[in-house]
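*Asks:* Please find one structure pasted underneath; my questions will follow.
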Amino acid sequence: MNKSDGCRCIATELYGAKPSSVVVTTPIYYINGAPHIGHAYASIAADVIARFHRLDGSKVHLSTGTDEHGIKVARSAETIPMDVQKFADQMSDKFREMNRAINLSEDDFIRTTENRHRESAQALWKLLEKDIYKDTYSGWYSARDEEYVAAEDVVDGNAPSGAPVEWMEEESYFFRLSAYQDRLLDYYDKHPDFIAPPSRRNEVINFVKNGLRDFSISRNKFDWGVPVPDSNDHVMYVWIDALANYITSLGFPHNREYVSEMMANCIHVVGKEILRFHAVYWPAFLMSAGISVPKRVFAHGWWVSEGQKMSKSIGNVVDPFEIIEKCGIDSLRYFLLREIRFGEDGDFSNDAFQRRISYDLANDLGNLVQRVLVFIQKLDGRLSVNYDFSSEEQILFVHARGLWDSLRQLMEKQDLHGALCCIWDLVSESNKFINDMRPWELARTDVRRLNAVLTTLCESIRAIAFGLAPFMPGTARKIFDFMNVEGKSFRELSINFSDVRFDPPAPLFPRER
RNA sequence: CGCGGGGUAGAGCAGUUUGGUAGCUCGCCAGGCUCAUAACCUGAAGGUCGGAGGUUCAAAUCCUCCUCCCGCAACCA
């Protein structure tokens with residue numbers, strides 16, 4: 001199903017297969033709103049991580065999906081009015097559309113309204129029962145908004161929305177999170193890479209150190225949710241329901257050993273706003289249920305637009321579909337992951353976007369590929385065998401061959417930004433190599449050497465395309481197609497390109513006229 | 001005194017752990033090349049490293065105080 005799969009044999013042969021399993025997840029997105037750039041960003045990042053590991057020889061399971069329960073969804077459907085399940089179907093489809101648009105290589109799309117998930121969430125609940133008890137949940141409730149309001153947010157007896165609040169009490173099930181404080185701190189201590197980036201890790205540890213309170217995990221004021229097992233009037237309130245998606249996707253409650261094993265290799269990509277639930281609640285649930293805690297929770301940052309928070313009234317909302325339509329998905333994928341370090345917040349400005357597309361993609365990468373391949377066309381699209389590599393060529397050769405190992409180290413830390421920088425170092429070096437080698441002169445003076453130079457460049461471009469494949473699958477594919485290297489093994493290619501028929505290239509990132 | 005991160009060239013950042021000529025990208029200026037999507041390559045200019053004090057032969061880097069900005073501070077799907 002993956003376009004990259006064709007490259008996999010090359011990777012395996014090239015760098016040695018790493019026969020391991022990796023689970024990568026995006027958050028499941030709440031369907032109360034349409035997909036926006038934040039959703040696209042999280043999913044693209046997870047996709048790159050998943051594609052990288054696939055190419056690196058691992059067995060990968062990438063899951064994504066939609067979170068469809070809760071009062072807000074029920075209310076949105078009512079106001080249309082529309083059957084709530086139909087509403088959920090419709091909204092969920094929009095996220096599937098997004099996945100197609102961003103070229104997501106998901107292995108599973110999970111919906112919390114599916115039977116398999118209901119079964120999974122309820123089974124998880126049952127496993128947690130020793131830590132669940134019934135009590136009274138109380139707080140300031142806004143009847144108009146139909147939701148509880150945090151005490152700090154209540155001003156003069158009103159919710160932030162302006163609606164009046166009243167003190168409300170209701171029966172609720174609670175999870176004994178307080179019992180997990182020490183175990184969690186111990187886990188963070190023994191697994192320093194569990195939470196990334198490190199600044200976020202400190203936040204979480206500090207939060208836990210300040211003391212954990214049990215929290216409410218059910219509601220009986222609405223029924224659009226997974227019913228609590230053995231209860232007539234309670235549905236699960238968000239977290240057990242939502243977080244359980246990750247194990248649902250792995251087949252829970254069946255094959256629990258397998259699920260647990262896979263969770264230990266799991267990388268959760270989440271937004272910083274839901275880090276706590278993934279780094280505190282979720283491991284506590286899993287510990288209670290006797291399932292392995294995930295390997296890593298990576299919290300990404302938020303994008304603003306032109307230096308300001310995106311808002312419809314300012315009119316600076318970045319629409320991923322619009323950008324993809326106009327500039328192509330690979331440009332968007334590149335920008336989002338190259339512009340800022342993964343984990344930081346970013347500013348999506350039109351100028352910055354255009355600059356990246358124009359300079360990095362068209363000028364550096366696109367032009368490199370173009371100038372080399374066009375040159376080869378002048379040799380009738382063929383390179384002759386030539387083993388006579390000078391030291392300059394050998395240096396570039398070594399760097400090209402070392403790229404994947406460098407990327408592997410960076411990707412181990414989910415340093416997507418660093419990985420792209422690393423690839424572009426090779427792009428720059430290759431461009432410089434052309435300037436230094438002056439192939440246009442060699443064409444007149446030393447055709448033998450010219451072949452060596454171009455062969456070296458092809459080797460570098462091949463490595464670049466390969467490194468690029470997880471980030472910009474379409475672009476990598478185009479490069480491979482120009483070089484007709486489909487089905488070729490690395491060893492054949494790296495010795496010479498003599499049996500490769502090069503097609504006439506077309507600019508990878510054409511300039512707008 | 002809640003906890004934490006940060007203030008380095010016009011912009012965005014690295015360097016601070018293990019003190020020793022201040023670095024990267026973009027922008028700006030000049031030059032080179034001409035194979036290529038007028039792309040590419042090289043060089044120069046530009047910073048008293050938030051402020052004050054201290055330790056030291058030597059501090060962006062260590063210590064103290066001050067100041068400004070930003071995260072986190074639980075029921076947020």
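Quick note on naming: the chains in the structure tokens go A, B, ... in the order shown, residues restart at 1 in each chain, and ligands are numbered from 1 in order of appearance.
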Quick one: residues within 12 Å of U37 in chain B, only C-alpha atoms (C1' of nucleotides), excluding same-chain residues fewer than 3 positions away - as a list of chain:residue names?

*Replies:*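 Residues meeting the cut-off are A:Ser358, A:Tyr359, A:Leu361, A:Ala362, A:Asn363, A:Asp364, A:Leu365, A:Gly366, A:Asn367, A:Leu368, A:Val369, A:Gln370, A:Arg371, A:Val374, A:Pro505, A:Ala506, A:Pro507, A:Leu508, A:Phe509, A:Pro510, A:Arg511, A:Glu512, A:Arg513, B:C40.
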
*Asks:* Take the residues that were just selected and, keeping N, CA, C and O atoms (P, O5', C5', C4', C3', O3' and C1' of nucleotides), output them as a compact mmCIF listing (two decimals), in the first residue's frame.

*Replies:*
```
# COMPACT_ATOMS: atom_id res chain seq x y z
N SER A 358 10.99 28.11 -2.47
CA SER A 358 11.81 28.63 -3.54
C SER A 358 13.29 28.28 -3.35
O SER A 358 13.93 27.76 -4.25
N TYR A 359 13.81 28.56 -2.17
CA TYR A 359 15.25 28.41 -1.97
C TYR A 359 15.66 26.97 -1.71
O TYR A 359 16.57 26.44 -2.35
N LEU A 361 13.79 24.06 -1.81
CA LEU A 361 13.28 23.01 -2.70
C LEU A 361 13.63 23.25 -4.16
O LEU A 361 14.20 22.39 -4.82
N ALA A 362 13.28 24.42 -4.68
CA ALA A 362 13.54 24.66 -6.10
C ALA A 362 15.03 24.89 -6.36
O ALA A 362 15.63 24.21 -7.18
N ASN A 363 15.63 25.82 -5.63
CA ASN A 363 17.00 26.21 -5.94
C ASN A 363 18.03 25.16 -5.53
O ASN A 363 18.94 24.85 -6.29
N ASP A 364 17.94 24.69 -4.31
CA ASP A 364 18.97 23.77 -3.82
C ASP A 364 18.73 22.34 -4.31
O ASP A 364 19.55 21.78 -5.02
N LEU A 365 17.61 21.79 -3.91
CA LEU A 365 17.34 20.38 -4.25
C LEU A 365 16.93 20.19 -5.71
O LEU A 365 17.55 19.43 -6.46
N GLY A 366 15.89 20.91 -6.12
CA GLY A 366 15.36 20.73 -7.47
C GLY A 366 16.41 21.01 -8.53
O GLY A 366 16.59 20.26 -9.48
N ASN A 367 17.12 22.10 -8.32
CA ASN A 367 18.12 22.48 -9.31
C ASN A 367 19.30 21.51 -9.33
O ASN A 367 19.89 21.26 -10.39
N LEU A 368 19.66 20.99 -8.17
CA LEU A 368 20.73 19.99 -8.13
C LEU A 368 20.38 18.79 -9.00
O LEU A 368 21.17 18.36 -9.85
N VAL A 369 19.19 18.27 -8.76
CA VAL A 369 18.76 17.10 -9.52
C VAL A 369 18.71 17.43 -11.01
O VAL A 369 19.19 16.68 -11.86
N GLN A 370 18.16 18.60 -11.29
CA GLN A 370 18.01 19.01 -12.68
C GLN A 370 19.35 19.15 -13.40
O GLN A 370 19.55 18.61 -14.47
N ARG A 371 20.28 19.85 -12.78
CA ARG A 371 21.54 20.13 -13.47
C ARG A 371 22.34 18.84 -13.70
O ARG A 371 23.03 18.72 -14.70
N VAL A 374 20.19 16.64 -16.40
CA VAL A 374 20.24 17.24 -17.73
C VAL A 374 21.61 16.97 -18.36
O VAL A 374 21.73 16.66 -19.55
N PRO A 505 14.76 14.66 -17.33
CA PRO A 505 14.10 15.15 -16.11
C PRO A 505 13.15 16.31 -16.40
O PRO A 505 13.23 16.92 -17.45
N ALA A 506 12.27 16.55 -15.44
CA ALA A 506 11.47 17.77 -15.45
C ALA A 506 11.68 18.40 -14.08
O ALA A 506 11.91 17.69 -13.11
N PRO A 507 11.65 19.72 -14.02
CA PRO A 507 11.89 20.38 -12.72
C PRO A 507 11.00 19.79 -11.62
O PRO A 507 9.80 19.61 -11.81
N LEU A 508 11.61 19.49 -10.47
CA LEU A 508 10.86 18.92 -9.35
C LEU A 508 9.92 19.95 -8.74
O LEU A 508 8.82 19.63 -8.32
N PHE A 509 10.40 21.16 -8.64
CA PHE A 509 9.60 22.24 -8.05
C PHE A 509 9.62 23.43 -9.00
O PHE A 509 10.39 24.36 -8.81
N PRO A 510 8.78 23.36 -10.02
CA PRO A 510 8.81 24.41 -11.03
C PRO A 510 8.48 25.76 -10.41
O PRO A 510 7.63 25.84 -9.52
N ARG A 511 9.18 26.73 -10.85
CA ARG A 511 8.89 28.09 -10.43
C ARG A 511 7.56 28.54 -11.01
O ARG A 511 7.25 28.19 -12.15
N GLU A 512 6.86 29.35 -10.25
CA GLU A 512 5.63 29.90 -10.81
C GLU A 512 6.00 30.99 -11.79
O GLU A 512 6.90 31.77 -11.54
N ARG A 513 5.32 30.98 -12.91
CA ARG A 513 5.66 31.98 -13.92
C ARG A 513 5.00 33.31 -13.62
O ARG A 513 4.00 33.41 -12.95
P C B 40 20.68 29.15 -5.53
O5' C B 40 21.96 28.36 -6.01
C5' C B 40 21.98 26.94 -6.07
C4' C B 40 23.32 26.49 -6.59
C3' C B 40 24.49 27.01 -5.78
O3' C B 40 24.76 26.16 -4.68
C1' C B 40 24.88 27.44 -8.06
```

*Asks:* Please, which residues of range 267-338 of chain A, numbered as in this document, come out strand (DSSP E or B) from DSSP, as a PyMOL selection string?

*Replies:* chain A and resi 267-271+296-300+303-305+308

*Asks:* Could you write out as a VMD selection string the residues of chain B within 6 Å of chain A, counting only C-alpha atoms (C1' of nucleotides)?

*Replies:* chain B and resid 35 to 37 39 72 77

*Asks:* List as a PyMOL selection string the protein and nucleic acid residues near range 227-235 of chain A, meaning an atom at most 10 Å away when only C-alpha atoms (C1' of nucleotides) are counted, but skip any in the same chain fewer than 6 places from it.

*Replies:* chain A and resi 69-70+118-119+121-123+125-126+171-173+217-221+241

*Asks:* Write a file of the just-selected residues containing N, CA, C and O atoms, as a PDB file, in the first residue's frame.

*Replies:*
```pdb
ATOM      1  N   HIS A  69     -17.082  10.812  20.724  1.00  0.00           N
ATOM      2  CA  HIS A  69     -18.084  10.871  21.785  1.00  0.00           C
ATOM      3  C   HIS A  69     -18.097  12.229  22.494  1.00  0.00           C
ATOM      4  O   HIS A  69     -17.290  13.098  22.214  1.00  0.00           O
ATOM      5  N   GLY A  70     -19.038  12.338  23.430  1.00  0.00           N
ATOM      6  CA  GLY A  70     -19.059  13.510  24.290  1.00  0.00           C
ATOM      7  C   GLY A  70     -20.194  14.465  23.988  1.00  0.00           C
ATOM      8  O   GLY A  70     -20.800  14.455  22.919  1.00  0.00           O
ATOM      9  N   ARG A 118     -15.530   0.090  21.368  1.00  0.00           N
ATOM     10  CA  ARG A 118     -16.400  -0.007  22.536  1.00  0.00           C
ATOM     11  C   ARG A 118     -15.984  -1.213  23.385  1.00  0.00           C
ATOM     12  O   ARG A 118     -15.838  -1.133  24.601  1.00  0.00           O
ATOM     13  N   GLU A 119     -15.763  -2.302  22.688  1.00  0.00           N
ATOM     14  CA  GLU A 119     -15.361  -3.525  23.364  1.00  0.00           C
ATOM     15  C   GLU A 119     -14.018  -3.333  24.075  1.00  0.00           C
ATOM     16  O   GLU A 119     -13.827  -3.738  25.218  1.00  0.00           O
ATOM     17  N   ALA A 121     -12.555  -0.427  25.043  1.00  0.00           N
ATOM     18  CA  ALA A 121     -12.624   0.538  26.144  1.00  0.00           C
ATOM     19  C   ALA A 121     -13.273  -0.104  27.366  1.00  0.00           C
ATOM     20  O   ALA A 121     -12.836   0.106  28.507  1.00  0.00           O
ATOM     21  N   GLN A 122     -14.297  -0.896  27.117  1.00  0.00           N
ATOM     22  CA  GLN A 122     -14.966  -1.545  28.246  1.00  0.00           C
ATOM     23  C   GLN A 122     -14.065  -2.597  28.889  1.00  0.00           C
ATOM     24  O   GLN A 122     -14.027  -2.742  30.117  1.00  0.00           O
ATOM     25  N   ALA A 123     -13.307  -3.299  28.057  1.00  0.00           N
ATOM     26  CA  ALA A 123     -12.389  -4.306  28.607  1.00  0.00           C
ATOM     27  C   ALA A 123     -11.297  -3.628  29.427  1.00  0.00           C
ATOM     28  O   ALA A 123     -10.885  -4.128  30.479  1.00  0.00           O
ATOM     29  N   TRP A 125     -11.611  -0.790  30.987  1.00  0.00           N
ATOM     30  CA  TRP A 125     -12.276  -0.361  32.233  1.00  0.00           C
ATOM     31  C   TRP A 125     -12.298  -1.507  33.242  1.00  0.00           C
ATOM     32  O   TRP A 125     -11.990  -1.315  34.423  1.00  0.00           O
ATOM     33  N   LYS A 126     -12.667  -2.695  32.748  1.00  0.00           N
ATOM     34  CA  LYS A 126     -12.751  -3.845  33.648  1.00  0.00           C
ATOM     35  C   LYS A 126     -11.382  -4.144  34.281  1.00  0.00           C
ATOM     36  O   LYS A 126     -11.294  -4.477  35.462  1.00  0.00           O
ATOM     37  N   GLU A 171     -23.104  11.956  40.709  1.00  0.00           N
ATOM     38  CA  GLU A 171     -22.421  10.702  40.969  1.00  0.00           C
ATOM     39  C   GLU A 171     -21.473  10.424  39.810  1.00  0.00           C
ATOM     40  O   GLU A 171     -21.803  10.649  38.655  1.00  0.00           O
ATOM     41  N   SER A 172     -20.282   9.950  40.132  1.00  0.00           N
ATOM     42  CA  SER A 172     -19.305   9.684  39.079  1.00  0.00           C
ATOM     43  C   SER A 172     -18.335   8.608  39.535  1.00  0.00           C
ATOM     44  O   SER A 172     -18.123   8.423  40.738  1.00  0.00           O
ATOM     45  N   TYR A 173     -17.799   7.899  38.564  1.00  0.00           N
ATOM     46  CA  TYR A 173     -16.703   6.982  38.879  1.00  0.00           C
ATOM     47  C   TYR A 173     -15.393   7.746  38.842  1.00  0.00           C
ATOM     48  O   TYR A 173     -15.230   8.672  38.047  1.00  0.00           O
ATOM     49  N   ILE A 217     -14.018   9.783  35.787  1.00  0.00           N
ATOM     50  CA  ILE A 217     -13.911   9.096  34.496  1.00  0.00           C
ATOM     51  C   ILE A 217     -15.277   8.695  33.923  1.00  0.00           C
ATOM     52  O   ILE A 217     -15.349   7.905  32.988  1.00  0.00           O
ATOM     53  N   SER A 218     -16.351   9.228  34.518  1.00  0.00           N
ATOM     54  CA  SER A 218     -17.661   8.920  33.933  1.00  0.00           C
ATOM     55  C   SER A 218     -18.596  10.110  34.076  1.00  0.00           C
ATOM     56  O   SER A 218     -18.343  11.040  34.838  1.00  0.00           O
ATOM     57  N   ARG A 219     -19.683  10.070  33.312  1.00  0.00           N
ATOM     58  CA  ARG A 219     -20.716  11.102  33.391  1.00  0.00           C
ATOM     59  C   ARG A 219     -22.067  10.403  33.297  1.00  0.00           C
ATOM     60  O   ARG A 219     -22.186   9.377  32.623  1.00  0.00           O
ATOM     61  N   ASN A 220     -23.060  10.998  33.923  1.00  0.00           N
ATOM     62  CA  ASN A 220     -24.395  10.459  33.711  1.00  0.00           C
ATOM     63  C   ASN A 220     -25.373  11.519  33.230  1.00  0.00           C
ATOM     64  O   ASN A 220     -26.562  11.302  33.191  1.00  0.00           O
ATOM     65  N   LYS A 221     -24.849  12.666  32.828  1.00  0.00           N
ATOM     66  CA  LYS A 221     -25.714  13.722  32.322  1.00  0.00           C
ATOM     67  C   LYS A 221     -25.971  13.601  30.822  1.00  0.00           C
ATOM     68  O   LYS A 221     -26.815  14.284  30.279  1.00  0.00           O
ATOM     69  N   ASP A 241     -11.948   6.295  27.354  1.00  0.00           N
ATOM     70  CA  ASP A 241     -12.463   6.100  26.007  1.00  0.00           C
ATOM     71  C   ASP A 241     -11.423   6.498  24.957  1.00  0.00           C
ATOM     72  O   ASP A 241     -11.033   5.703  24.102  1.00  0.00           O
TER      73      ASP A 241
END
```

*Asks:* Find the residues near range 5-10 of chain B: any atom within 12 Å, counting only C-alpha atoms (C1' of nucleotides), skip ones fewer than 3 places away on the same chain, and give them as a compact mmCIF listing (two decimals) with N, CA, C and O atoms (P, O5', C5', C4', C3', O3' and C1' of nucleotides), in the first residue's frame.

*Replies:*
```
# COMPACT_ATOMS: atom_id res chain seq x y z
N PRO A 198 12.70 17.40 26.13
CA PRO A 198 13.06 17.41 27.56
C PRO A 198 12.38 18.50 28.37
O PRO A 198 12.05 18.29 29.54
N SER A 199 12.14 19.64 27.76
CA SER A 199 11.50 20.73 28.52
C SER A 199 10.11 20.29 28.98
O SER A 199 9.66 20.63 30.07
N ARG A 200 9.44 19.55 28.13
CA ARG A 200 8.11 19.05 28.47
C ARG A 200 8.20 18.01 29.57
O ARG A 200 7.32 17.90 30.43
N ARG A 201 9.26 17.24 29.51
CA ARG A 201 9.46 16.22 30.53
C ARG A 201 9.51 16.86 31.91
O ARG A 201 8.88 16.38 32.86
N ASN A 202 10.25 17.93 32.00
CA ASN A 202 10.35 18.62 33.29
C ASN A 202 9.00 19.10 33.78
O ASN A 202 8.69 19.01 34.96
N GLU A 203 8.22 19.61 32.87
CA GLU A 203 6.89 20.10 33.23
C GLU A 203 6.06 18.98 33.84
O GLU A 203 5.40 19.16 34.88
P C B 13 13.40 32.03 17.69
O5' C B 13 14.58 31.07 17.25
C5' C B 13 15.48 30.50 18.19
C4' C B 13 16.50 29.73 17.41
C3' C B 13 17.68 29.23 18.22
O3' C B 13 17.38 28.00 18.85
C1' C B 13 18.46 30.26 16.23
P A B 14 18.08 27.64 20.24
O5' A B 14 19.58 27.32 19.80
C5' A B 14 19.85 26.17 19.03
C4' A B 14 21.32 26.04 18.70
C3' A B 14 22.33 25.98 19.84
O3' A B 14 22.31 24.74 20.51
C1' A B 14 23.22 27.17 17.99
P G B 15 22.78 24.62 22.02
O5' G B 15 24.25 25.24 22.02
C5' G B 15 25.37 24.46 21.60
C4' G B 15 26.60 25.32 21.62
C3' G B 15 27.06 25.78 23.01
O3' G B 15 27.92 24.82 23.58
C1' G B 15 27.04 27.63 21.51
P U B 16 27.48 24.09 24.94
O5' U B 16 27.51 25.25 26.01
C5' U B 16 28.78 25.78 26.52
C4' U B 16 28.46 26.63 27.73
C3' U B 16 27.84 25.83 28.88
O3' U B 16 28.60 25.99 30.06
C1' U B 16 26.46 27.68 28.25
P A B 22 35.74 35.88 20.11
O5' A B 22 35.51 34.70 19.06
C5' A B 22 34.88 33.51 19.48
C4' A B 22 33.45 33.42 19.01
C3' A B 22 33.19 33.93 17.59
O3' A B 22 33.46 32.88 16.68
C1' A B 22 31.44 34.51 19.11
P G B 23 33.49 33.16 15.10
O5' G B 23 32.19 32.41 14.58
C5' G B 23 32.31 31.14 14.03
C4' G B 23 30.99 30.43 14.10
C3' G B 23 29.97 30.78 13.02
O3' G B 23 30.31 30.18 11.78
C1' G B 23 28.89 30.49 15.11
P C B 24 29.60 30.68 10.45
O5' C B 24 28.17 29.99 10.53
C5' C B 24 28.06 28.57 10.48
C4' C B 24 26.61 28.17 10.53
C3' C B 24 25.70 28.85 9.52
O3' C B 24 25.78 28.23 8.26
C1' C B 24 24.67 28.86 11.65
P C B 26 21.21 30.49 3.61
O5' C B 26 20.12 31.63 3.89
C5' C B 26 18.74 31.36 3.67
C4' C B 26 17.91 32.51 4.18
C3' C B 26 18.25 33.89 3.62
O3' C B 26 17.69 34.11 2.34
C1' C B 26 17.97 34.04 5.95
P G B 27 18.47 35.10 1.33
O5' G B 27 18.35 36.50 2.08
C5' G B 27 17.08 37.13 2.20
C4' G B 27 17.23 38.44 2.94
C3' G B 27 18.25 39.40 2.35
O3' G B 27 17.68 40.16 1.31
C1' G B 27 18.62 39.21 4.68
P C B 28 18.57 40.62 0.09
O5' C B 28 19.62 41.62 0.76
C5' C B 28 19.19 42.86 1.30
C4' C B 28 20.37 43.60 1.86
C3' C B 28 21.56 43.68 0.92
O3' C B 28 21.41 44.76 -0.01
C1' C B 28 22.30 43.00 3.06
P A B 45 34.82 41.51 7.65
O5' A B 45 33.59 42.52 7.62
C5' A B 45 33.78 43.88 7.22
C4' A B 45 32.44 44.56 7.13
C3' A B 45 31.62 44.54 8.41
O3' A B 45 31.99 45.62 9.26
C1' A B 45 30.25 43.90 6.60
P G B 46 32.12 45.37 10.84
O5' G B 46 30.62 45.08 11.26
C5' G B 46 29.64 46.12 11.21
C4' G B 46 28.28 45.53 11.44
C3' G B 46 28.17 44.71 12.72
O3' G B 46 27.86 45.55 13.83
C1' G B 46 27.26 43.48 10.91
P G B 47 28.85 45.61 15.07
O5' G B 47 28.21 44.56 16.05
C5' G B 47 26.82 44.65 16.41
C4' G B 47 26.52 43.61 17.44
C3' G B 47 27.39 43.69 18.71
O3' G B 47 26.81 44.58 19.63
C1' G B 47 27.09 41.43 17.96
P C B 49 28.30 41.53 25.44
O5' C B 49 27.16 40.90 24.52
C5' C B 49 25.77 40.87 24.90
C4' C B 49 25.25 39.50 24.51
C3' C B 49 24.91 38.62 25.70
O3' C B 49 23.48 38.51 25.68
C1' C B 49 26.25 37.48 24.07
P G B 50 22.69 38.20 26.99
O5' G B 50 21.92 39.54 27.34
C5' G B 50 21.41 40.36 26.29
C4' G B 50 20.63 41.48 26.93
C3' G B 50 21.36 42.15 28.10
O3' G B 50 22.22 43.17 27.65
C1' G B 50 19.18 41.56 28.76
P G B 51 23.62 43.41 28.42
O5' G B 51 23.13 44.10 29.77
C5' G B 51 22.55 45.40 29.74
C4' G B 51 22.27 45.85 31.15
C3' G B 51 23.43 45.73 32.12
O3' G B 51 24.33 46.82 32.02
C1' G B 51 21.50 44.84 33.12
P A B 60 32.39 36.74 27.72
O5' A B 60 30.91 36.19 27.40
C5' A B 60 29.77 36.92 27.81
C4' A B 60 28.55 36.03 27.73
C3' A B 60 28.56 34.83 28.66
O3' A B 60 28.00 35.15 29.90
C1' A B 60 28.02 34.14 26.45
P U B 61 28.49 34.49 31.26
O5' U B 61 28.56 32.91 30.99
C5' U B 61 27.37 32.09 30.94
C4' U B 61 27.82 30.71 30.56
C3' U B 61 28.61 29.99 31.63
O3' U B 61 27.95 28.78 31.96
C1' U B 61 29.76 29.98 29.53
P U B 67 13.22 43.14 39.90
O5' U B 67 13.34 43.36 38.33
C5' U B 67 13.42 44.69 37.81
C4' U B 67 13.65 44.62 36.33
C3' U B 67 12.65 43.76 35.55
O3' U B 67 11.46 44.47 35.28
C1' U B 67 14.85 43.24 34.86
P C B 68 10.09 43.71 35.21
O5' C B 68 10.11 43.15 33.71
C5' C B 68 10.07 44.04 32.60
C4' C B 68 10.42 43.30 31.34
C3' C B 68 9.56 42.07 31.05
O3' C B 68 8.32 42.42 30.45
C1' C B 68 11.83 41.53 30.74
P C B 69 7.09 41.42 30.58
O5' C B 69 7.48 40.23 29.59
C5' C B 69 7.51 40.46 28.19
C4' C B 69 7.94 39.20 27.48
C3' C B 69 7.11 37.96 27.80
O3' C B 69 5.91 37.92 27.06
C1' C B 69 9.41 37.41 27.90
P C B 70 4.62 37.19 27.65
O5' C B 70 4.99 35.65 27.45
C5' C B 70 5.34 35.17 26.15
C4' C B 70 5.88 33.76 26.28
C3' C B 70 5.03 32.82 27.11
O3' C B 70 3.92 32.35 26.38
C1' C B 70 7.31 32.55 27.69
P G B 71 2.80 31.50 27.09
O5' G B 71 3.58 30.12 27.18
C5' G B 71 2.92 28.97 27.37
C4' G B 71 3.88 27.86 27.72
C3' G B 71 3.32 27.04 28.86
O3' G B 71 2.39 26.11 28.34
C1' G B 71 5.56 27.59 29.34
P C B 72 0.92 26.16 28.92
O5' C B 72 1.15 25.36 30.28
C5' C B 72 1.74 24.07 30.24
C4' C B 72 2.17 23.67 31.61
C3' C B 72 1.15 23.90 32.72
O3' C B 72 0.14 22.90 32.72
C1' C B 72 3.26 24.60 33.45
```

*Asks:* To one decimal in Å, tell me the separation between CA of Arg501 in chain A and CA of Ala452 in chain A.

*Replies:* 16.4 Å

*Asks:* Quick one: residues within 10 Å of range 378-394 of chain A, only C-alpha atoms (C1' of nucleotides) counted, chain neighbours fewer than 2 positions away excluded, as a PyMOL selection string?

*Replies:* chain A and resi 373-376+396-400+433+436-437+443+447-458+483+495-504

*Asks:* Would you work out the distance separating CA of Ile49 in chain A from CA of Val208 in chain A, expressed in Å to one decimal?

*Replies:*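 Calculated distance between CA of Ile49 in chain A and CA of Val208 in chain A is 28.7 Å.
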
*Asks:* Run DSSP on the backbone and grab whatever in range 266-405 of chain A lands in helix (DSSP H, G or I); send it over as JSON, numbers by chain.

*Replies:* {"A": [272, 273, 274, 275, 276, 277, 278, 279, 280, 281, 282, 283, 284, 285, 286, 287, 288, 289, 320, 321, 322, 323, 324, 325, 326, 327, 329, 330, 331, 332, 333, 334, 335, 336, 337, 338, 350, 351, 352, 353, 354, 355, 356, 357, 358, 359, 360, 361, 362, 363, 364, 365, 366, 367, 368, 369, 370, 371, 372, 373, 374, 375, 376, 377, 378, 391, 392, 393, 394, 395, 396, 397, 398, 399, 400, 401, 402, 403, 404, 405]}

*Asks:* Give me, please, the distance in Å between CA of Arg401 in chain A and CA of Arg54 in chain A, quoted to one decimal.

*Replies:*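 We find that CA of Arg401 in chain A and CA of Arg54 in chain A lie 18.9 Å from each other.
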
*Asks:* Looking at A:Met287, A:Leu62, A:Ala244, A:Ala34, which one is nearest to Met91 in chain A, with distances taken over only C-alpha atoms?

*Replies:* A:Ala34

*Asks:* Write out as a ChimeraX atom specification the residues lying within 12 Å of Thr248 in chain A, counting only C-alpha atoms (C1' of nucleotides) and excluding same-chain residues fewer than 6 positions away.

*Replies:* /A:25,63-65,108-124,240-242,254-256,259-260,262-263

*Asks:* Identify which of the residues B:G53, B:C3, B:G32, B:A59 lies closest to A73 in chain B, counting only C-alpha atoms (C1' of nucleotides) when measuring atom-to-atom distances.

*Replies:*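 Going through B:G53, B:C3, B:G32, B:A59 one by one, the smallest distance to A73 in chain B is for B:C3.
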
*Asks:* Give me the residues within 12 Å of Trp404 in chain A as a PyMOL selection string, counting only C-alpha atoms (C1' of nucleotides) and dropping any in the same chain fewer than 5 places off.

*Replies:* chain A and resi 10-12+14-16+52-53+55-56+398-399+409-412+419-420+422-423+426+460+462-470
